[in-house]
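Worksheet: one structure, shown below.
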Amino acid sequence: MAWRRTLLALTVVTLLTARLGLAADAAWWGSLIVAATALLWLAASLLTQRRIAHLSRAAPPETLRPLLPALIAMLVALSAVLGLALALG
């Protein structure tokens, strides 16, 4: 359940970031922000679903550890895109 909430929170951040990128006064960088945000959300969604599948099979915790750095990197990248959108907007 926690991973579903994590994905829901990432979805909210993605939508807010995309809204900033689609603002009426956004220039060419708005399209880049929306594209980067969409790609990061898709990657985070796939990693989250993989994590949920691993947890439902009751795999040992050692096999789940490689996913954590990828999810943290996705969160940092999405935060950087949001910060860029806020700085440019």
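Going through the structure tokens in order, the chains are called A, B, and so on, while each chain numbers its residues from 1 and the ligands are numbered from 1 in the order shown.
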*Near A:Ala44, within 8 Å and counting only C-alpha atoms, which residues show up once chain neighbours fewer than 5 positions away are dropped, as a PyMOL selection string?*
chain A and resi 7+71+74
*Near-A:Ala36 list (10 Å; only C-alpha atoms; drop same-chain fewer than 6 positions) as an NGL selection string*: :A and (14 or 17-18 or 30 or 42 or 77-78 or 81)
*asked:* Among chain A, which ones does DSSP assign to alpha helix (DSSP H) (computed from the backbone)? Answer as a PyMOL selection string.
replied: chain A and resi 2-21+28-56+67-88
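Closest to A:Leu88 among A:Leu20, A:Ala73, A:Leu47, A:Ala53 is A:Leu20, based on only C-alpha atoms.
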*Rank nothing, just name the residue among A:Ala43, A:Leu8, A:Val13, A:Ala23 nearest to A:Ser79, using only C-alpha atoms.*
A:Val13
*asked:* Just want the 12 Å neighbourhood of A:Thr6, counted on only C-alpha atoms, with same-chain residues fewer than 4 positions away dropped. Output as a PyMOL selection string.
replied: chain A and resi 1-2+10-13+41+44-45+47-49+51-52+71-72+74-75
